[in-house]
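S.K.: One structure coming up, written as C-alpha cells, with questions to follow.
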2 protein chains.
Amino acid sequence: MDIKAYFSKKADVINKALDSYLSDKEPEILNKAMRYSVFAGGKRLRPVLMMAACEAFGGKSEDVLPFACAMEMIHTYSLIHDDLPAMDNDDLRRGIPTNHKVFGEDMAILAGDGLLSLAFETMADALMKYSDRRYIKAFKAIAAAAGTRGMVAGQTVDVISEGKEVDSKTLEYIHINKTSAMIRGAIEAGAYIAGAKDEDVKKLALAGEKTGLAFQIQDDILDVESTQEVLGKPVMSDIKNEKKTFVSMYGVEYSKNKVAEYSEQAIGIIDSLDCDGEVLKAIVSYLTDRKY
Amino acid sequence: MDIKAYFSKKADVINKALDSYLSDKEPEILNKAMRYSVFAGGKRLRPVLMMAACEAFGGKSEDVLPFACAMEMIHTYSLIHDDLPAMDNDDLRRGIPTNHKVFGEDMAILAGDGLLSLAFETMADALMKYSDRRYIKAFKAIAAAAGTRGMVAGQTVDVISEGKEVDSKTLEYIHINKTSAMIRGAIEAGAYIAGAKDEDVKKLALAGEKTGLAFQIQDDILDVESTQEVLGKPVMSDIKNEKKTFVSMYGVEYSKNKVAEYSEQAIGIIDSLDCDGEVLKAIVSYLTDRKY
C-alpha cells in the first residue's frame, strides 16, 4: 500500500479540522501564536495513528477527529514549551523560528497553555455530542498519555538529566514517557472509539510503546546522520546539549538494530490481534525507516 | 451562618482529596513542585463555591470532589505560570517564594503543565466512574472556563496590556475572562452535578461572573489598602507593574461601590432562583467584604 498517500490524505482531513477548531479570532495574538506552531508542518503522526487504529478495529476515522486534533494540539503545546529558553532553548523547529522567537516567551507559554486547554475543551465538546463510554475511554487514554504519569513525567526526567550521566534505565524511562506515551495514547484512543475490547487495546498499547521507542531512537540516529536542510532543525543538537541518547550510549549500529527490533515487536503484536492491521503495520515500517 | 467555619470544613475535605490526587512519588521533583504550590495555603475558593452550588440545588458536595480538585489544580497552574519571569515576574505568592524561585523556571513550567494535565486526568477518571451526562456538562464548563475563551484569553490580554493605556472595556474583558471565568465555571459545574436545569445554570453563571468581578476589584482595592503582612504578597504591585486596575482608573471609593453593586447583583440572581442559596449568598458577601 502507498502509505505516503494514506498519510497525506488523512493529514488533509486533520488539518481542515484543526483549522476550524483554531478559528477563534480573539485574542488575535493568542490565536496567531497557537496557529503558528500547529500549522508549522508537522507530520500529524499521532492523529494519523489514531485514525489507523480506529480503522483497524472496524471504526470510521471521522469518528476520532476531535480526539485526533486534541492529540495534535497537546503534542504541539509540548513542543512549544520544550523549546522555551528555560527548557531546551531551541531557536529552530521544523525549519522555522520557534514560537517564543516569534511571539516572545510570555506568549509562547500562553500559546502552549492555550493549546493544552483547547485540546481538552475539544474533547469536552465531543463528549457532549457522543457520551458513549468508548469516547470517555479515549479521553482517559489521551489525558493519561499527556499527564504526570506520561509525557510530563518524561519531560521532567529529561530536563533534570541534562548534562548528567544517565543509565540505560533512565533513558528508557524518558523515551517511554516522553515519546511513547503519546503514540500509545493515540493508538489506544483510536481502538477504543472503534469499540475494540479492553484486552486488545492493552496489547495494542504495547505495540504503541515499542513503536514510540523505535521512533525516538530513529530520531536520535537522524540527529547524527542527517542534515539541517533535510530535518528542518539543527543536527548534532543532542551532542551540543550534552543529551544522552541511545546513539551516544551504544553507537549508531546498535541503535539501528534496536529500531528494527522494536518495530518488529510492534508489528508482531499487531499481527497477533484480531484486527485488520495492514495500515498500522505499514505506518510502523514507514516511521522507523524514515530519513526525516 | 458561620461562613468561615463552612469554608474551613470544606477546605479540609478538598485538601485531603488533593493530597491523594497528588500522591505520585515519581518523578519526585515534579511531585514536589506541584505540591509546593497546591499546598501553599490557598483559600480553595473555587472548589468551595462548586460544593456550595451543588448543595444549593440539592446535590451532595462529595459528588463534586474530583471536579473541585481539578478546578483548584487548574487555578494553581495558572498562578505558577503567571508568576514566571517571562510573565508577571513575581518572587512572592501567599507569603512564600514563587514556584520558579524554589524549583527553577524549567520545573515551574512543567509543574504548571503537570497540574493542568492532572486536572483533566482527574476528571477523566471521574467520568470513567460516573458517566452520567451531568458530569460531562461539569467537565465541559470547567474546560471552557480554563481555556482560550476563558482564563487563557484573559491572561493573554492582561499580558499584552501591561504598560499600555487600556480602556474600561478592555479591563472588564480581562476581569471577566481571567478571574470571573473560573468562578463562573466552578459554580456551573457544581449546579450541573446537582442536576440543576440548564436555564438555572445559565442564570447562576451570571451570578458567578458578577461575583468574580466583585472579587477582582476587591483584590485591587486590597493591593492599595492592605499590607504585605496581611496579604502575604507585596502591596502596591499593580502600580509598580504599571498595571491598570479598576482602582487606578476610577479611585478607591468608586471601586468599593462597584464591589457592593456587583455582589448585590449576584445575590439578587441567586435569590431569583428556585434553590437553597443561603450558603452561596453568604460566600459572595464574605468574599467581597474580605480584608485579605
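The way I read the labels, and the way they are meant: chains A, B, ... in the order of the C-alpha cells, residue 1 as the first residue of every chain, and ligand 1 as the first ligand shown, with later ones counted on from there.
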With only C-alpha atoms as the counted atoms, please give the residues lying no more than 6 Å from segment 42-57 of chain A, apart from itself and same-chain residues fewer than 3 positions off, as a CSV table (one decimal) with C-alpha atoms, in the first residue's frame.
M.R.:
chain,number,residue,atom,x,y,z
A,60,LYS,CA,-14.6,5.1,10.9
A,61,SER,CA,-11.7,7.6,11.0
A,68,ALA,CA,-7.1,13.2,16.9
A,183,ILE,CA,1.9,7.4,20.5
A,186,ALA,CA,-3.2,7.9,20.2
A,187,ILE,CA,-3.5,4.2,19.2
A,190,GLY,CA,-8.5,5.1,18.2
A,191,ALA,CA,-9.1,1.5,19.1
A,194,ALA,CA,-13.8,1.7,17.2
A,275,CYS,CA,-8.0,-6.8,13.5
A,276,ASP,CA,-7.1,-5.5,10.1
A,277,GLY,CA,-3.7,-4.2,10.9
A,280,LEU,CA,-0.9,0.2,11.1
S.K.: Restrict the distance test to only C-alpha atoms, flag each residue of chain A within 6 Å of chain B, and return the flagged residues as a PDB file with N, CA and C atoms, in the first residue's frame.
M.R.:
ATOM      1  N   ALA A  86      14.036  28.472  29.041  1.00  0.00           N
ATOM      2  CA  ALA A  86      14.243  27.804  30.335  1.00  0.00           C
ATOM      3  C   ALA A  86      14.290  26.284  30.198  1.00  0.00           C
ATOM      4  N   MET A  87      13.884  25.781  29.032  1.00  0.00           N
ATOM      5  CA  MET A  87      13.885  24.328  28.798  1.00  0.00           C
ATOM      6  C   MET A  87      15.043  24.008  27.840  1.00  0.00           C
ATOM      7  N   GLU A 105       8.526  35.009  24.883  1.00  0.00           N
ATOM      8  CA  GLU A 105       8.374  33.915  25.836  1.00  0.00           C
ATOM      9  C   GLU A 105       7.003  33.892  26.484  1.00  0.00           C
ATOM     10  N   ASP A 106       6.496  35.086  26.864  1.00  0.00           N
ATOM     11  CA  ASP A 106       5.194  35.117  27.547  1.00  0.00           C
ATOM     12  C   ASP A 106       4.106  34.520  26.667  1.00  0.00           C
ATOM     13  N   GLY A 114      -2.741  27.475  26.118  1.00  0.00           N
ATOM     14  CA  GLY A 114      -3.975  27.575  25.341  1.00  0.00           C
ATOM     15  C   GLY A 114      -4.245  26.300  24.551  1.00  0.00           C
ATOM     16  N   SER A 117      -5.314  23.475  26.864  1.00  0.00           N
ATOM     17  CA  SER A 117      -6.696  23.709  27.297  1.00  0.00           C
ATOM     18  C   SER A 117      -7.680  23.446  26.165  1.00  0.00           C
ATOM     19  N   LEU A 118      -7.325  23.925  24.971  1.00  0.00           N
ATOM     20  CA  LEU A 118      -8.226  23.750  23.829  1.00  0.00           C
ATOM     21  C   LEU A 118      -8.396  22.270  23.479  1.00  0.00           C
ATOM     22  N   GLU A 121     -10.944  21.078  25.845  1.00  0.00           N
ATOM     23  CA  GLU A 121     -12.261  21.637  25.536  1.00  0.00           C
ATOM     24  C   GLU A 121     -12.841  20.965  24.282  1.00  0.00           C
ATOM     25  N   ALA A 124     -14.147  17.784  25.421  1.00  0.00           N
ATOM     26  CA  ALA A 124     -15.378  18.004  26.198  1.00  0.00           C
ATOM     27  C   ALA A 124     -16.564  18.216  25.262  1.00  0.00           C
ATOM     28  N   LYS A 140      -9.809   9.406  28.459  1.00  0.00           N
ATOM     29  CA  LYS A 140      -8.965   8.973  29.581  1.00  0.00           C
ATOM     30  C   LYS A 140      -7.563   8.554  29.076  1.00  0.00           C
ATOM     31  N   ALA A 143      -5.644  11.748  28.185  1.00  0.00           N
ATOM     32  CA  ALA A 143      -5.259  12.506  29.385  1.00  0.00           C
ATOM     33  C   ALA A 143      -4.099  11.816  30.099  1.00  0.00           C
ATOM     34  N   GLY A 147      -0.116  13.284  30.654  1.00  0.00           N
ATOM     35  CA  GLY A 147      -0.024  13.776  32.018  1.00  0.00           C
ATOM     36  C   GLY A 147       1.236  13.455  32.797  1.00  0.00           C
ATOM     37  N   THR A 148       1.064  13.536  34.095  1.00  0.00           N
ATOM     38  CA  THR A 148       2.197  13.431  35.026  1.00  0.00           C
ATOM     39  C   THR A 148       2.682  11.996  35.184  1.00  0.00           C
TER      40      THR A 148
END
S.K.: With a distance cut-off of 6 Å and only C-alpha atoms, select the neighbouring residues of Ser180 of chain B, excluding the residue or stretch itself and same-chain residues fewer than 4 positions from it, and output the selection as an mmCIF file with C-alpha atoms, in the first residue's frame.
M.R.:
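And here is the file that came out, result-v3.cif:
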data_model
loop_
_atom_site.group_PDB
_atom_site.id
_atom_site.type_symbol
_atom_site.label_atom_id
_atom_site.label_comp_id
_atom_site.auth_asym_id
_atom_site.auth_seq_id
_atom_site.Cartn_x
_atom_site.Cartn_y
_atom_site.Cartn_z
ATOM 1 C CA ILE B 176 -14.359 38.614 33.143
ATOM 2 C CA ARG B 184 -18.402 31.047 37.000
ATOM 3 C CA GLU B 209 -19.490 36.399 36.665
ATOM 4 C CA GLY B 212 -15.772 37.289 40.010
#
S.K.: Would you return as a ChimeraX atom specification the members of segment 169-198 of chain A that DSSP assigns to alpha helix (DSSP H) on this structure's backbone?
M.R.: /A:169-174,181-194,198
S.K.: Those same residues - N, CA, C and O atoms - I'd like them written as a tab-separated table (two decimals), in the first residue's frame.
M.R.:
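Final output, part39.tsv:
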chain	number	residue	atom	x	y	z
A	169	LYS	N	18.44	2.59	32.06
A	169	LYS	CA	17.08	2.51	32.63
A	169	LYS	C	16.40	3.88	32.59
A	169	LYS	O	15.23	4.00	32.23
A	170	THR	N	17.16	4.89	32.98
A	170	THR	CA	16.62	6.26	32.98
A	170	THR	C	16.30	6.70	31.56
A	170	THR	O	15.26	7.32	31.29
A	171	LEU	N	17.21	6.38	30.64
A	171	LEU	CA	16.99	6.76	29.24
A	171	LEU	C	15.72	6.11	28.69
A	171	LEU	O	14.91	6.77	28.01
A	172	GLU	N	15.52	4.84	29.04
A	172	GLU	CA	14.31	4.16	28.59
A	172	GLU	C	13.06	4.79	29.21
A	172	GLU	O	12.04	4.96	28.55
A	173	TYR	N	13.18	5.17	30.49
A	173	TYR	CA	12.06	5.85	31.17
A	173	TYR	C	11.68	7.13	30.41
A	173	TYR	O	10.50	7.41	30.18
A	174	ILE	N	12.71	7.90	30.04
A	174	ILE	CA	12.45	9.15	29.32
A	174	ILE	C	11.75	8.86	27.98
A	174	ILE	O	10.74	9.46	27.66
A	181	ALA	N	4.51	7.48	25.21
A	181	ALA	CA	3.20	7.64	25.87
A	181	ALA	C	2.15	8.22	24.92
A	181	ALA	O	1.02	7.71	24.84
A	182	MET	N	2.53	9.25	24.18
A	182	MET	CA	1.55	9.91	23.30
A	182	MET	C	1.22	9.05	22.08
A	182	MET	O	0.10	9.09	21.56
A	183	ILE	N	2.20	8.28	21.60
A	183	ILE	CA	1.95	7.39	20.46
A	183	ILE	C	1.04	6.24	20.91
A	183	ILE	O	0.08	5.88	20.23
A	184	ARG	N	1.34	5.71	22.09
A	184	ARG	CA	0.50	4.67	22.68
A	184	ARG	C	-0.92	5.22	22.91
A	184	ARG	O	-1.90	4.58	22.55
A	185	GLY	N	-1.00	6.42	23.49
A	185	GLY	CA	-2.31	7.02	23.79
A	185	GLY	C	-3.14	7.23	22.53
A	185	GLY	O	-4.36	7.01	22.53
A	186	ALA	N	-2.48	7.64	21.45
A	186	ALA	CA	-3.20	7.86	20.19
A	186	ALA	C	-3.80	6.56	19.68
A	186	ALA	O	-4.96	6.51	19.27
A	187	ILE	N	-3.00	5.51	19.73
A	187	ILE	CA	-3.47	4.20	19.24
A	187	ILE	C	-4.58	3.66	20.13
A	187	ILE	O	-5.60	3.15	19.64
A	188	GLU	N	-4.39	3.79	21.44
A	188	GLU	CA	-5.44	3.33	22.37
A	188	GLU	C	-6.76	4.05	22.09
A	188	GLU	O	-7.82	3.42	22.03
A	189	ALA	N	-6.68	5.38	21.97
A	189	ALA	CA	-7.90	6.17	21.77
A	189	ALA	C	-8.63	5.72	20.50
A	189	ALA	O	-9.85	5.55	20.50
A	190	GLY	N	-7.85	5.52	19.43
A	190	GLY	CA	-8.46	5.09	18.16
A	190	GLY	C	-9.15	3.75	18.29
A	190	GLY	O	-10.28	3.56	17.81
A	191	ALA	N	-8.48	2.81	18.96
A	191	ALA	CA	-9.06	1.47	19.12
A	191	ALA	C	-10.30	1.51	20.02
A	191	ALA	O	-11.31	0.87	19.73
A	192	TYR	N	-10.23	2.27	21.10
A	192	TYR	CA	-11.40	2.40	21.98
A	192	TYR	C	-12.61	2.93	21.23
A	192	TYR	O	-13.72	2.41	21.37
A	193	ILE	N	-12.38	3.98	20.44
A	193	ILE	CA	-13.50	4.60	19.73
A	193	ILE	C	-14.12	3.63	18.73
A	193	ILE	O	-15.33	3.63	18.50
A	194	ALA	N	-13.28	2.74	18.17
A	194	ALA	CA	-13.81	1.73	17.25
A	194	ALA	C	-14.59	0.65	18.00
A	194	ALA	O	-15.25	-0.18	17.38
A	198	ASP	N	-11.17	-4.24	25.67
A	198	ASP	CA	-10.13	-3.71	26.56
A	198	ASP	C	-8.83	-4.53	26.45
A	198	ASP	O	-7.73	-3.97	26.46
S.K.: What does the distance from atom CA of Ile3 of chain B to atom CA of Glu264 of chain B come to in Å, to one decimal?
M.R.: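 Result for atom CA of Ile3 of chain B versus atom CA of Glu264 of chain B: 17.6 Å, one decimal.
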S.K.: Calculated over only C-alpha atoms, which of the candidates A:Ala70, A:Leu222, A:Leu273, A:Leu213 has the smallest distance to Glu261 of chain A?
M.R.: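 For Glu261 of chain A, the nearest of the candidates is A:Leu213.
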S.K.: So which one's closest to Asp219 of chain A, A:Thr288, A:Ser23, A:Asn257, A:Ser37? Using only C-alpha atoms, please.
M.R.: A:Thr288
S.K.: Once DSSP has gone over the backbone, tell me which residues of segment 21-193 of chain B are in strand (DSSP E), as a list in words.
M.R.: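 Answer for segment 21-193 of chain B restricted to strand (DSSP E) is Leu92, Arg93, Ile96 and Pro97 of chain B.
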S.K.: To one decimal in Å, tell me the separation between atom CA of Lys16 of chain A and atom CA of Arg93 of chain A.
M.R.: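 These atoms are spaced 22.1 Å apart.
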S.K.: Tell me which of A:Val102, A:Leu206, A:Ala11, A:Ile221 sits closest to Ala266 of chain A, counting only C-alpha atoms.
M.R.: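 Nearest candidate to Ala266 of chain A out of A:Val102, A:Leu206, A:Ala11, A:Ile221: A:Leu206.
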